[in-house]
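Participant: Just passing along the structure, written as structure tokens.
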Amino acid sequence: MSIPQTGGGPIENVDQLAEYLASGCKPIEEWRIGTEHEKFGYDKATLMPLPYEGPTSIKAMLEGLRDTYGWNPIHEGEHIIGLEMRGANISLEPGGQLELSGAPLATIHQTCDEVNEHLREVQHVANQIGAGFIGLGAAPIWTHEQMPMMPKGRYRLMTDYMDKVGTLGKQMMYRTCTVQVNLDFASEADMVKKFRVGLALQPIATALFANSPFLEGKPNGHKSWRSRIWRDLDPARTGMLPFVFEEGMGFQRYVDYALDVPMYFVYRDGQYVDARGQSFRDFLNGKLPALPGQIPTLSDWADHLTTIFPEVRIKKFMEMRGADGGPWRRICALPAFWVGLLYDDLALDAAWDLVKGWDAETREELRVAASVDGLQGQVGKLHIHQLAETVLDISRGGLRRRARPGFSGMVPDERHFLTALEDTVEDGMTPADELLAKYHGEWGGDLSRIYDEYSY
């Protein structure tokens, strides 16, 4: 989850809210790719999640990365809670999941180099302190009671709020990991088209990256339990956003939606002020109960936007949020998948032609089917495996036409980053299917073997 936002003075006119989003519009030559991924850390000796403090801990990881590789620390009070360097940052999810939020880069070659360098650094420091890291969509064995809580003020507020608005919010916070990509848009119309395609095809990404078939030591009945969690978390701030497909969608319509999402907090002077359930509309009028008489800044608006969790989210850029965390070789496949679809006009048009006839019910049913059955999911005459094959072909064409070479020109474009997904479509086996086959086969139901065989 995000670190506090900075910059931006008081909001003097409500039009500034939509203008903030619109200020993200960029010409195509300035479009960038920002890849984020989370992973679970654990103590190799006990196979338990890393606590915040101790010789084998999250704090030791952050300090090791700081001291060995020159990352700059980010503190909240006396606690180190993140790192930053060259436009990238490392942050903590509530249960200690370590997240890299990559710098905005021009090509997938560059973002994959960044991911590889980060994972090599993490692996080196982890080995020194006796820790391991693994990429999965959900913690396979640990219970909620076994998870630590990171010392971040927003997480204390969110934890207490989650049980009031859904049943699975704390599972999301403490026991899930994702990989996502952040992309740019050229204009309001371009944002809308990408938003619609991104939402409609998010279930395909969920199916391709499904990697969370276990919960508390046994199969949970879903290929992506992480996706299941998001369906019962907080309906006010999650979901497939049917309004995005309605006439009149634009920056202002998203602002109207965001203003109706209850607040979590306001960040002031290094502290999180409890504003749970309160209204940003009241804040605009100086009537927020948590801070009576004060009006918000653009930083407060930016913070509020980070507390909204739909399958696609916009800020000054667009986030694709439907994929489970996964193994090293699949992290770069997620940005390749979406860049191929959304950063080429012919691909974007083809993707829109594929999904424009789907109604809100179909999109939601696909979301459920992807969560439960992965590539084997079906909604009416729509087979997710066939859709994935079609969508992957569209993405491949988009990357070919983008023609961004890598490795000193030896590789003509970015298509090879789709190889892991091509293998999945060819054999019909998602990471979840592979894990289940191991569990029921050679592992003999011993899920602890997942750490040895699937850690980075």
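Numbering starts fresh at 1 for the residues of each chain in the structure tokens, the chains themselves are lettered A, B, ... in the order given, and ligands are numbered from 1 as they appear.
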What's the 8 Å shell around Val372 (chain A), counting only C-alpha atoms, without same-chain residues fewer than 6 positions away, as a list in words?
Facilitator: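 Close residues of Val372 (chain A): Gly221, His222, Lys223, Ser224, Trp225 and Arg228 of chain A.
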Participant: Need the shell around region 21-32 of chain A: protein/DNA/RNA residues with any atom at most 7 Å away, counting only C-alpha atoms. Skip same-chain ones fewer than 4 positions apart. Format as a VMD selection string?
Facilitator: chain A and resid 17 104 to 106 183 to 187 251 315 to 317
Participant: Going by DSSP on the backbone, which residues of region 325-448 of chain A come out as helix (DSSP H, G or I)? List them as a PyMOL selection string.
Facilitator: chain A and resi 328-331+333-342+345-355+360-376+384-402+415-427+431-440
Participant: Find the distance between CA of Glu53 (chain A) and CA of Ser212 (chain A) and write it in Å to one decimal.
Facilitator: 27.5 Å
Participant: Which residues come within 12 Å of Phe337 (chain A), counting only C-alpha atoms, excluding same-chain residues fewer than 5 positions away, as a ChimeraX atom specification?
Facilitator: /A:33,35,108,180-181,183,198,201-202,204-206,208-209,320,323,330-332,342-344,347,388-389,391-399,414-422
Participant: Please write the residues from the selection above to a file, keeping C-alpha atoms, as a short mmCIF file (atom, residue, chain, number, x, y, z; two decimals), in the first residue's frame.
Facilitator:
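Writing done, so here's selection08.cif:
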```
data_model
loop_
_atom_site.label_atom_id
_atom_site.label_comp_id
_atom_site.auth_asym_id
_atom_site.auth_seq_id
_atom_site.Cartn_x
_atom_site.Cartn_y
_atom_site.Cartn_z
CA ILE A 33 5.61 1.57 -17.21
CA THR A 35 5.65 -2.36 -12.11
CA ILE A 108 9.59 -3.59 -20.21
CA GLN A 180 0.37 -4.83 -10.83
CA VAL A 181 1.41 -2.40 -13.53
CA LEU A 183 0.30 2.88 -17.09
CA GLY A 198 -8.76 -2.93 -18.38
CA LEU A 201 -10.21 -8.03 -19.21
CA GLN A 202 -9.10 -8.01 -15.58
CA ILE A 204 -8.44 -12.81 -17.87
CA ALA A 205 -5.38 -11.52 -16.04
CA THR A 206 -6.72 -13.01 -12.81
CA LEU A 208 -3.64 -16.32 -16.18
CA PHE A 209 -1.89 -15.34 -12.94
CA MET A 320 -4.09 -2.81 -13.32
CA ALA A 323 -3.25 -10.44 -10.70
CA ARG A 330 6.10 -14.20 -14.24
CA ILE A 331 6.53 -10.76 -12.68
CA CYS A 332 7.63 -9.20 -15.98
CA LEU A 342 -3.11 -0.72 -24.00
CA TYR A 343 -0.07 1.03 -25.48
CA ASP A 344 -0.84 0.22 -29.13
CA ALA A 347 -4.42 -3.66 -30.00
CA ALA A 388 -6.99 -15.74 -22.81
CA GLU A 389 -5.60 -17.16 -26.04
CA VAL A 391 -6.22 -11.62 -25.67
CA LEU A 392 -2.66 -12.88 -25.53
CA ASP A 393 -2.50 -12.81 -29.31
CA ILE A 394 -3.72 -9.20 -29.30
CA SER A 395 -1.13 -8.27 -26.70
CA ARG A 396 1.62 -9.99 -28.67
CA GLY A 397 0.72 -7.97 -31.75
CA GLY A 398 0.76 -4.75 -29.75
CA LEU A 399 4.25 -5.45 -28.43
CA GLU A 414 9.20 -7.03 -25.82
CA ARG A 415 7.22 -10.09 -26.89
CA HIS A 416 9.48 -12.61 -25.15
CA PHE A 417 8.23 -11.36 -21.78
CA LEU A 418 4.93 -13.10 -22.61
CA THR A 419 6.58 -16.53 -22.77
CA ALA A 420 5.36 -17.61 -19.33
CA LEU A 421 1.78 -16.76 -20.26
CA GLU A 422 2.09 -18.48 -23.63
#
```
Participant: Excluding Arg175 (chain A) and any residue of its chain fewer than 3 positions from it, enumerate the residues within 7 Å of it, using only C-alpha atoms, and give them as number ranges by chain.
Facilitator: A: 95, 138-139, 171-172
Participant: If we count only C-alpha atoms, what is near Thr362 (chain A) at a cut-off of 12 Å, once residues fewer than 5 positions away on the same chain are taken out, given as a PyMOL selection string?
Facilitator: chain A and resi 199-201+203+240+242+355-357+367-369+378-383
Participant: Report, in Å to a single decimal, how far apart CA of Ala432 (chain A) and CA of Pro213 (chain A) are.
Facilitator: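 CA of Pro213 (chain A) sits 5.7 Å away from CA of Ala432 (chain A).
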Participant: I need the strand (DSSP E or B) residues of region 84-322 of chain A per DSSP on the backbone, written as number ranges by chain.
Facilitator: A: 84-85, 88-92, 98-101, 105, 131-134, 138, 176, 178-183, 212, 214-215, 218-219, 224, 238-239, 265-268, 271-274, 297, 309-310, 312-314, 318-322
Participant: Applying 12 Å and only C-alpha atoms, which residues near Tyr69 (chain A) remain after dropping the ones on its own chain fewer than 2 positions away? List them as a ChimeraX atom specification.
Facilitator: /A:61-67,71-73,83-85,117-118,120-122,124-125
Participant: Write out the residues from the selection above, keeping C-alpha atoms, as a PDB file, in the first residue's frame.
Facilitator:
```pdb
ATOM      1  CA  MET A  61      15.759  -6.639   5.721  1.00  0.00           C
ATOM      2  CA  LEU A  62      15.187  -2.914   5.301  1.00  0.00           C
ATOM      3  CA  GLU A  63      18.356  -2.008   7.158  1.00  0.00           C
ATOM      4  CA  GLY A  64      20.325  -4.574   5.152  1.00  0.00           C
ATOM      5  CA  LEU A  65      19.077  -3.141   1.852  1.00  0.00           C
ATOM      6  CA  ARG A  66      19.847   0.358   3.113  1.00  0.00           C
ATOM      7  CA  ASP A  67      23.356  -0.444   4.293  1.00  0.00           C
ATOM      8  CA  TRP A  71      18.648   2.734  -0.396  1.00  0.00           C
ATOM      9  CA  ASN A  72      17.429   5.819   1.460  1.00  0.00           C
ATOM     10  CA  PRO A  73      15.276   5.060   4.514  1.00  0.00           C
ATOM     11  CA  LEU A  83      13.149   2.748   1.321  1.00  0.00           C
ATOM     12  CA  GLU A  84      13.505   4.873  -1.797  1.00  0.00           C
ATOM     13  CA  MET A  85      16.061   5.335  -4.554  1.00  0.00           C
ATOM     14  CA  GLU A 117      18.126  -6.285  -9.595  1.00  0.00           C
ATOM     15  CA  HIS A 118      15.677  -5.842  -6.716  1.00  0.00           C
ATOM     16  CA  ARG A 120      18.852 -10.259  -6.352  1.00  0.00           C
ATOM     17  CA  GLU A 121      19.340  -7.638  -3.625  1.00  0.00           C
ATOM     18  CA  VAL A 122      16.502  -9.083  -1.548  1.00  0.00           C
ATOM     19  CA  HIS A 124      21.351 -11.515  -0.875  1.00  0.00           C
ATOM     20  CA  VAL A 125      20.185  -9.723   2.276  1.00  0.00           C
TER      21      VAL A 125
END
```
